[in-house]
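> What follows is data.txt, compact mmCIF, C-alpha atoms and all ligand atoms.
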# COMPACT_ATOMS: atom_id res chain seq x y z
CA VAL A 1 9.36 -15.83 -9.86
CA THR A 2 7.95 -13.00 -7.76
CA GLU A 3 10.67 -12.69 -5.13
CA ASP A 4 11.75 -9.35 -6.59
CA LEU A 5 8.20 -8.07 -6.19
CA VAL A 6 8.28 -5.02 -3.91
CA LEU A 7 5.08 -3.77 -2.32
CA PRO A 8 4.49 -0.16 -3.40
CA GLN A 9 4.59 2.23 -0.46
CA ARG A 10 1.00 3.30 -1.06
CA MET A 11 -0.13 -0.31 -0.55
CA GLU A 12 1.63 -0.80 2.78
CA LYS A 13 -1.36 0.36 4.82
CA LEU A 14 -3.80 -2.06 3.19
CA PRO A 15 -5.16 -4.83 5.41
CA LYS A 16 -3.58 -8.27 4.98
CA ASP A 17 -5.40 -11.54 4.41
CA LYS A 18 -4.62 -14.71 6.35
CA HIS A 19 -1.80 -15.52 3.90
CA GLY A 20 -0.24 -12.11 4.55
CA ARG A 21 -1.22 -10.78 1.13
CA PRO A 22 -2.33 -7.15 0.94
CA VAL A 23 -6.05 -6.87 0.31
CA PRO A 24 -6.71 -4.33 -2.47
CA TRP A 25 -9.05 -1.48 -1.63
CA PHE A 26 -11.73 -2.69 -4.06
CA VAL A 27 -12.11 -6.11 -2.43
CA ALA A 28 -15.28 -6.81 -0.42
CA PHE A 29 -15.11 -8.30 3.07
CA ILE A 30 -17.70 -11.00 3.62
CA ASP A 31 -18.15 -12.27 7.18
CA GLY A 32 -14.91 -10.54 8.08
CA GLU A 33 -12.90 -12.26 5.34
CA PRO A 34 -11.79 -10.61 2.09
CA ASP A 35 -13.27 -12.19 -1.02
CA PHE A 36 -10.96 -11.22 -3.86
CA ARG A 37 -13.64 -12.05 -6.45
CA VAL A 38 -16.13 -9.54 -5.09
CA ILE A 39 -16.07 -5.75 -5.39
CA ARG A 40 -16.80 -3.75 -2.25
CA ARG A 41 -20.23 -2.16 -2.11
CA GLY A 42 -20.24 1.19 -3.90
CA GLY A 43 -16.59 0.66 -4.86
CA ILE A 44 -16.78 1.73 -8.49
CA GLY A 45 -18.84 4.82 -7.69
CA ASP A 46 -16.53 5.89 -4.86
CA ALA A 47 -13.38 5.31 -6.94
CA LEU A 48 -14.78 7.54 -9.68
CA ARG A 49 -16.27 10.24 -7.45
CA PHE A 50 -13.15 10.66 -5.31
CA LYS A 51 -10.61 9.78 -8.06
CA LEU A 52 -9.18 6.94 -6.00
CA CYS A 53 -6.72 4.26 -7.01
CA TRP A 54 -8.64 0.98 -7.38
CA VAL A 55 -5.86 -0.95 -5.65
CA CYS A 56 -4.61 1.24 -2.78
CA GLY A 57 -7.64 3.53 -2.37
CA GLN A 58 -5.55 6.70 -2.26
CA PRO A 59 -5.97 9.69 -4.60
CA ARG A 60 -4.81 8.99 -8.13
CA GLY A 61 -2.96 11.42 -10.40
CA VAL A 62 -3.46 12.16 -14.07
CA ASN A 63 -1.98 8.85 -15.18
CA ALA A 64 -4.45 5.99 -15.08
CA ALA A 65 -3.27 2.38 -15.11
CA PHE A 66 -5.81 -0.33 -15.86
CA VAL A 67 -5.08 -3.95 -14.96
CA VAL A 68 -6.74 -5.90 -17.74
CA GLY A 69 -6.62 -9.13 -19.68
CA PRO A 70 -4.96 -9.30 -23.08
CA MET A 71 -8.23 -8.94 -24.99
CA CYS A 72 -8.73 -5.50 -23.51
CA ALA A 73 -5.85 -4.37 -25.71
CA VAL A 74 -8.20 -5.22 -28.59
CA ASN A 75 -11.58 -4.00 -27.37
CA ARG A 76 -10.11 -1.19 -25.22
CA THR A 77 -12.67 -1.86 -22.52
CA SER A 78 -12.28 -2.56 -18.81
CA ALA A 79 -14.92 -3.36 -16.21
CA GLU A 80 -12.86 -1.90 -13.37
CA PRO A 81 -11.55 1.62 -12.64
CA PRO A 82 -7.88 2.60 -12.97
CA SER A 83 -5.06 2.59 -10.43
CA HIS A 84 -1.65 4.12 -9.85
CA ARG A 85 0.88 2.63 -12.24
CA ASP A 86 2.94 1.00 -9.47
CA CYS A 87 -0.16 -0.38 -7.75
CA ALA A 88 -1.40 -1.78 -11.07
CA ILE A 89 1.94 -3.43 -11.84
CA TYR A 90 2.06 -5.00 -8.39
CA SER A 91 -1.46 -6.35 -8.82
CA ALA A 92 -0.80 -7.71 -12.30
CA ARG A 93 2.22 -9.59 -10.97
CA ALA A 94 0.87 -10.70 -7.59
CA CYS A 95 -2.83 -11.39 -8.19
CA PRO A 96 -3.18 -15.17 -8.11
CA PHE A 97 -5.89 -15.17 -10.77
CA LEU A 98 -3.82 -13.14 -13.18
CA ALA A 99 -0.38 -14.43 -12.28
CA THR A 100 -0.94 -18.19 -12.27
CA PRO A 101 -2.53 -19.55 -15.44
CA SER A 102 -3.28 -22.95 -13.94
CA MET A 103 -5.31 -21.43 -11.12
CA LYS A 104 -8.99 -21.62 -11.94
CA ARG A 105 -11.38 -18.93 -10.87
CA ARG A 106 -13.83 -20.41 -8.40
CA GLU A 107 -17.33 -19.62 -9.60
CA ARG A 108 -19.13 -21.57 -6.91
CA HIS A 109 -20.11 -20.28 -3.51
CA LEU A 110 -20.19 -16.68 -4.60
CA PRO A 111 -22.44 -14.58 -2.38
CA ASP A 112 -25.80 -13.70 -3.89
CA ASP A 113 -25.18 -9.97 -3.70
CA ARG A 114 -21.81 -10.00 -5.42
CA VAL A 115 -21.30 -7.18 -7.87
CA ASP A 116 -20.94 -8.51 -11.38
CA PRO A 117 -18.59 -6.38 -13.47
CA ALA A 118 -20.47 -4.85 -16.35
CA GLY A 119 -20.27 -5.97 -19.94
CA VAL A 120 -19.32 -9.22 -21.59
CA MET A 121 -16.65 -10.74 -19.40
CA ILE A 122 -14.49 -13.44 -20.87
CA ARG A 123 -14.67 -15.93 -18.02
CA ARG A 124 -11.43 -17.74 -18.37
CA ASN A 125 -7.98 -17.17 -17.04
CA PRO A 126 -5.95 -15.62 -19.85
CA GLY A 127 -2.62 -16.33 -18.18
CA VAL A 128 -1.33 -12.95 -19.31
CA ALA A 129 -2.02 -9.74 -17.42
CA LEU A 130 -1.67 -6.32 -18.99
CA VAL A 131 -1.13 -2.96 -17.34
CA TRP A 132 -2.48 -0.29 -19.65
CA VAL A 133 -1.32 3.23 -18.79
CA THR A 134 -3.31 6.03 -20.34
CA ARG A 135 -4.07 9.70 -19.81
CA LYS A 136 -7.40 9.65 -21.63
CA TRP A 137 -10.22 7.30 -20.69
CA HIS A 138 -13.91 7.61 -19.97
CA VAL A 139 -16.85 5.81 -18.43
CA PHE A 140 -19.80 4.65 -20.46
CA PRO A 141 -22.82 2.53 -19.55
CA ASP A 142 -23.22 -1.09 -20.65
CA PRO A 143 -26.69 -2.15 -21.95
CA ASN A 144 -27.79 -2.62 -18.33
CA GLY A 145 -26.65 0.84 -17.31
CA ARG A 146 -23.63 -0.36 -15.35
CA PRO A 147 -20.33 1.46 -15.83
CA LEU A 148 -17.68 0.29 -18.28
CA PHE A 149 -14.37 1.97 -18.99
CA ASP A 150 -13.12 2.99 -22.43
CA ILE A 151 -9.37 2.80 -21.74
CA GLY A 152 -8.40 4.85 -24.80
CA SER A 153 -4.90 4.71 -26.24
CA SER A 154 -1.99 3.58 -24.12
CA THR A 155 1.04 5.68 -23.28
CA GLN A 156 2.76 2.56 -21.85
CA THR A 157 1.89 -1.14 -21.72
CA TYR A 158 3.37 -3.80 -19.41
CA TRP A 159 2.66 -7.49 -20.00
CA TYR A 160 3.08 -10.15 -17.30
CA ALA A 161 2.76 -13.93 -17.06
CA GLN A 162 3.20 -15.90 -13.84
CA GLY A 163 4.45 -12.81 -12.05
CA ARG A 164 7.26 -12.04 -14.49
CA ASP A 165 7.51 -10.17 -17.78
CA ALA A 166 5.54 -12.04 -20.45
CA THR A 167 7.34 -13.11 -23.59
CA ARG A 168 6.26 -11.90 -27.01
CA ALA A 169 5.07 -15.44 -27.85
CA GLU A 170 2.93 -15.59 -24.69
CA VAL A 171 1.35 -12.22 -25.42
CA LEU A 172 0.57 -13.08 -29.04
CA ALA A 173 -0.83 -16.49 -28.03
CA SER A 174 -3.05 -14.93 -25.37
CA ILE A 175 -4.45 -12.47 -27.90
CA GLU A 176 -5.11 -15.22 -30.46
CA SER A 177 -6.84 -17.43 -27.90
CA GLY A 178 -9.39 -14.75 -27.07
CA LEU A 179 -10.17 -13.67 -30.62
CA PRO A 180 -12.90 -16.25 -31.44
CA ILE A 181 -15.13 -14.80 -28.70
CA LEU A 182 -14.69 -11.21 -29.93
CA ARG A 183 -15.06 -12.31 -33.56
CA GLU A 184 -18.34 -14.02 -32.84
CA GLU A 185 -19.65 -10.81 -31.26
CA ALA A 186 -18.41 -8.73 -34.21
CA GLU A 187 -19.96 -11.04 -36.81
CA LYS A 188 -23.35 -10.62 -35.15
CA GLU A 189 -22.96 -6.86 -35.61
CA GLY A 190 -21.88 -7.02 -39.26
CA PRO A 191 -18.95 -6.53 -41.63
CA GLN A 192 -18.06 -3.08 -40.34
CA ALA A 193 -17.58 -4.45 -36.82
CA VAL A 194 -15.46 -7.30 -38.19
CA GLY A 195 -13.25 -4.82 -40.06
CA TYR A 196 -12.91 -2.72 -36.92
CA LEU A 197 -12.00 -5.79 -34.88
CA ASP A 198 -9.30 -6.74 -37.41
CA ALA A 199 -7.81 -3.23 -37.24
CA MET A 200 -7.85 -3.21 -33.44
CA THR A 201 -6.29 -6.68 -33.35
CA THR A 202 -3.41 -5.48 -35.52
CA LEU A 203 -2.86 -2.55 -33.15
CA ALA A 204 -2.93 -4.89 -30.12
CA ARG A 205 -0.38 -7.26 -31.67
CA GLY A 206 1.82 -4.23 -32.27
CA LEU A 207 1.93 -3.62 -28.51
CA ALA A 208 3.41 -7.04 -27.75
CA PRO A 209 6.96 -6.88 -26.35
CA ARG A 210 9.73 -7.26 -28.94
ZN ZN B 1 -2.55 3.07 -5.73
Let me see whether you can do it: turn the structure in this file into structure tokens.


Amino acid sequence: VTEDLVLPQRMEKLPKDKHGRPVPWFVAFIDGEPDFRVIRRGGIGDALRFKLCWVCGQPRGVNAAFVVGPMCAVNRTSAEPPSHRDCAIYSARACPFLATPSMKRRERHLPDDRVDPAGVMIRRNPGVALVWVTRKWHVFPDPNGRPLFDIGSSTQTYWYAQGRDATRAEVLASIESGLPILREEAEKEGPQAVGYLDAMTTLARGLAPR
């Protein structure tokens, strides 16, 4: 399904792993091997300070593309900095964790000093990856002081499943499947948060492909 996937020019200089896959800039090398689950040391700070693309590591323009899960269309929050649009689309289609729903994230054997993305992560594979292009976003601290990203409103959204365009049904199903977790959080906060969640959910559903 990904044979039409063309590596963006900016990603051509990235190192390759033993399967020949480009290793995104943000990935940490552990004992000489890239570990795609671990963020390079200082990666978030460097990406922000030097305005670098999270995927290719080169300077990023005014457009910011976040590769996120479907629930981020609801809570408008990402744990990782933005990328070029083309780099983000390539990642959303090629990343094995995002592109293959049956592939489980391995949680075991993670190094002790791995960097945990900030905030409440929904630790499951949503099966649907979203590229959220925006011109306005900002960083804010999570309760532990680690950076999170308010991804703002989208100028474009691209939805993928298994490396191809996601169907409307897949997008809507992926949003529904994540709602109980967000609803539980909102109910702890009170009726205003629940009302806000409902409004944001309606907006997210409206972004599903026709
Ligand atoms: Zn890039």

> For chain A versus ligand ZN 1 (chain B), which residues have an atom no more than 8 Å away, and what is each residue's nearest atom pair and distance in Å rounded to one decimal, using all atoms listed in the file, chain-then-number order, as JSON lines?


{"residue": "A:Arg10", "atom": "CA", "partner": "B:ZN1", "partner_atom": "ZN", "distance": 5.9}
{"residue": "A:Met11", "atom": "CA", "partner": "B:ZN1", "partner_atom": "ZN", "distance": 6.6}
{"residue": "A:Leu52", "atom": "CA", "partner": "B:ZN1", "partner_atom": "ZN", "distance": 7.7}
{"residue": "A:Cys53", "atom": "CA", "partner": "B:ZN1", "partner_atom": "ZN", "distance": 4.5}
{"residue": "A:Trp54", "atom": "CA", "partner": "B:ZN1", "partner_atom": "ZN", "distance": 6.6}
{"residue": "A:Val55", "atom": "CA", "partner": "B:ZN1", "partner_atom": "ZN", "distance": 5.2}
{"residue": "A:Cys56", "atom": "CA", "partner": "B:ZN1", "partner_atom": "ZN", "distance": 4.0}
{"residue": "A:Gly57", "atom": "CA", "partner": "B:ZN1", "partner_atom": "ZN", "distance": 6.1}
{"residue": "A:Gln58", "atom": "CA", "partner": "B:ZN1", "partner_atom": "ZN", "distance": 5.8}
{"residue": "A:Pro59", "atom": "CA", "partner": "B:ZN1", "partner_atom": "ZN", "distance": 7.5}
{"residue": "A:Arg60", "atom": "CA", "partner": "B:ZN1", "partner_atom": "ZN", "distance": 6.8}
{"residue": "A:Ser83", "atom": "CA", "partner": "B:ZN1", "partner_atom": "ZN", "distance": 5.3}
{"residue": "A:His84", "atom": "CA", "partner": "B:ZN1", "partner_atom": "ZN", "distance": 4.3}
{"residue": "A:Arg85", "atom": "CA", "partner": "B:ZN1", "partner_atom": "ZN", "distance": 7.4}
{"residue": "A:Asp86", "atom": "CA", "partner": "B:ZN1", "partner_atom": "ZN", "distance": 7.0}
{"residue": "A:Cys87", "atom": "CA", "partner": "B:ZN1", "partner_atom": "ZN", "distance": 4.7}
{"residue": "A:Ala88", "atom": "CA", "partner": "B:ZN1", "partner_atom": "ZN", "distance": 7.3}

> Can you write out the residues you just picked, keeping C-alpha atoms, as an mmCIF file, in the coordinates of the input?


data_model
loop_
_atom_site.group_PDB
_atom_site.id
_atom_site.type_symbol
_atom_site.label_atom_id
_atom_site.label_comp_id
_atom_site.auth_asym_id
_atom_site.auth_seq_id
_atom_site.Cartn_x
_atom_site.Cartn_y
_atom_site.Cartn_z
ATOM 1 C CA ARG A 10 1.000 3.300 -1.060
ATOM 2 C CA MET A 11 -0.130 -0.310 -0.550
ATOM 3 C CA LEU A 52 -9.180 6.940 -6.000
ATOM 4 C CA CYS A 53 -6.720 4.260 -7.010
ATOM 5 C CA TRP A 54 -8.640 0.980 -7.380
ATOM 6 C CA VAL A 55 -5.860 -0.950 -5.650
ATOM 7 C CA CYS A 56 -4.610 1.240 -2.780
ATOM 8 C CA GLY A 57 -7.640 3.530 -2.370
ATOM 9 C CA GLN A 58 -5.550 6.700 -2.260
ATOM 10 C CA PRO A 59 -5.970 9.690 -4.600
ATOM 11 C CA ARG A 60 -4.810 8.990 -8.130
ATOM 12 C CA SER A 83 -5.060 2.590 -10.430
ATOM 13 C CA HIS A 84 -1.650 4.120 -9.850
ATOM 14 C CA ARG A 85 0.880 2.630 -12.240
ATOM 15 C CA ASP A 86 2.940 1.000 -9.470
ATOM 16 C CA CYS A 87 -0.160 -0.380 -7.750
ATOM 17 C CA ALA A 88 -1.400 -1.780 -11.070
#

> Check the smallest atom-to-atom distance from each of A:Ser91, A:Arg210, A:Ala79, A:Tyr158 to A:Arg146 using all atoms listed in the file, then report the winner.

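Once distances to A:Arg146 are computed over all atoms listed in the file, the minimum belongs to A:Ala79.
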
> So that I can see what lies close to A:Ala204, please list as a PyMOL selection string the residues with an atom at most 8 Å from it, counting only C-alpha atoms and leaving out residues fewer than 3 positions away in the same chain.

chain A and resi 73-74+200-201+207-208

> Can you work out the spacing between atom CA of A:Gly32 and atom CA of A:Ser78 in Å, to one decimal?

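Value for the atom CA of A:Gly32-atom CA of A:Ser78 distance: 28.2 Å.
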
> List the spatial neighbours of A:Gly206 as number ranges by chain - criterion: any atom at most 12 Å away, all atoms listed in the file, same-chain residues fewer than 6 positions off excluded.

A: 73-74, 154, 157, 168, 171-172, 175, 199-200

> I'd like the interatomic distance between atom CA of A:Pro15 and atom CA of A:Pro81, to a tenth of an Å.

20.2 Å

> Out of A:Pro82, A:Ala65, A:Asp198, A:Leu148, which residue has the shortest atom-to-atom distance to A:Ala186 when counting only C-alpha atoms?

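Under the stated criterion, the closest residue is A:Asp198.
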
> So how many Å separate atom CA of A:Ala64 and atom CA of A:Val133, to one decimal?

5.6 Å

> With only C-alpha atoms as the counted atoms, please give the residues lying no more than 12 Å from A:Gly43, apart from itself and same-chain residues fewer than 2 positions off, as a VMD selection string.

chain A and resid 24 to 28 38 to 41 45 to 55 57 80 to 81 114 to 115 117 147

> With all atoms listed in the file as the atoms that count, which of A:Thr77, A:Pro209, A:Ile44, A:Asp31 lies nearest to A:Asp142?

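With all atoms listed in the file as the atom set, the closest residue is A:Thr77.
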
> Which residue out of A:Tyr90, A:Glu170, A:Val139, A:Pro22 has the minimum interatomic distance to A:Pro8 when only C-alpha atoms are used?

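Smallest distance to A:Pro8 is found for A:Tyr90.
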
> Neighbours of A:Ile151 within 8 Å (only C-alpha atoms; same-chain residues fewer than 3 positions away dropped), as a ChimeraX atom specification?

/A:66,76-78,132,134,136-138,154

> Please determine an axis-aligned box that encloses all atoms of stretch 20-34 of chain A listed in the file, with 5 Å added on each side, and express its centre and edge lengths in Å to one decimal as AutoDock Vina command-line options.


--center_x -9.2 --center_y -6.9 --center_z 2.0 --size_x 27.9 --size_y 20.8 --size_z 22.1

> A:Leu179, A:Val6, A:Val131, A:Leu14: which is nearest A:Ile89, counting all atoms listed in the file?

A:Val131

> Measuring between all atoms listed in the file, which one of A:Asn75, A:Ser153, A:Ala169, A:Tyr160 shows the shortest distance to A:Ile181?

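Between A:Asn75, A:Ser153, A:Ala169, A:Tyr160, the residue approaching A:Ile181 most closely is A:Asn75.
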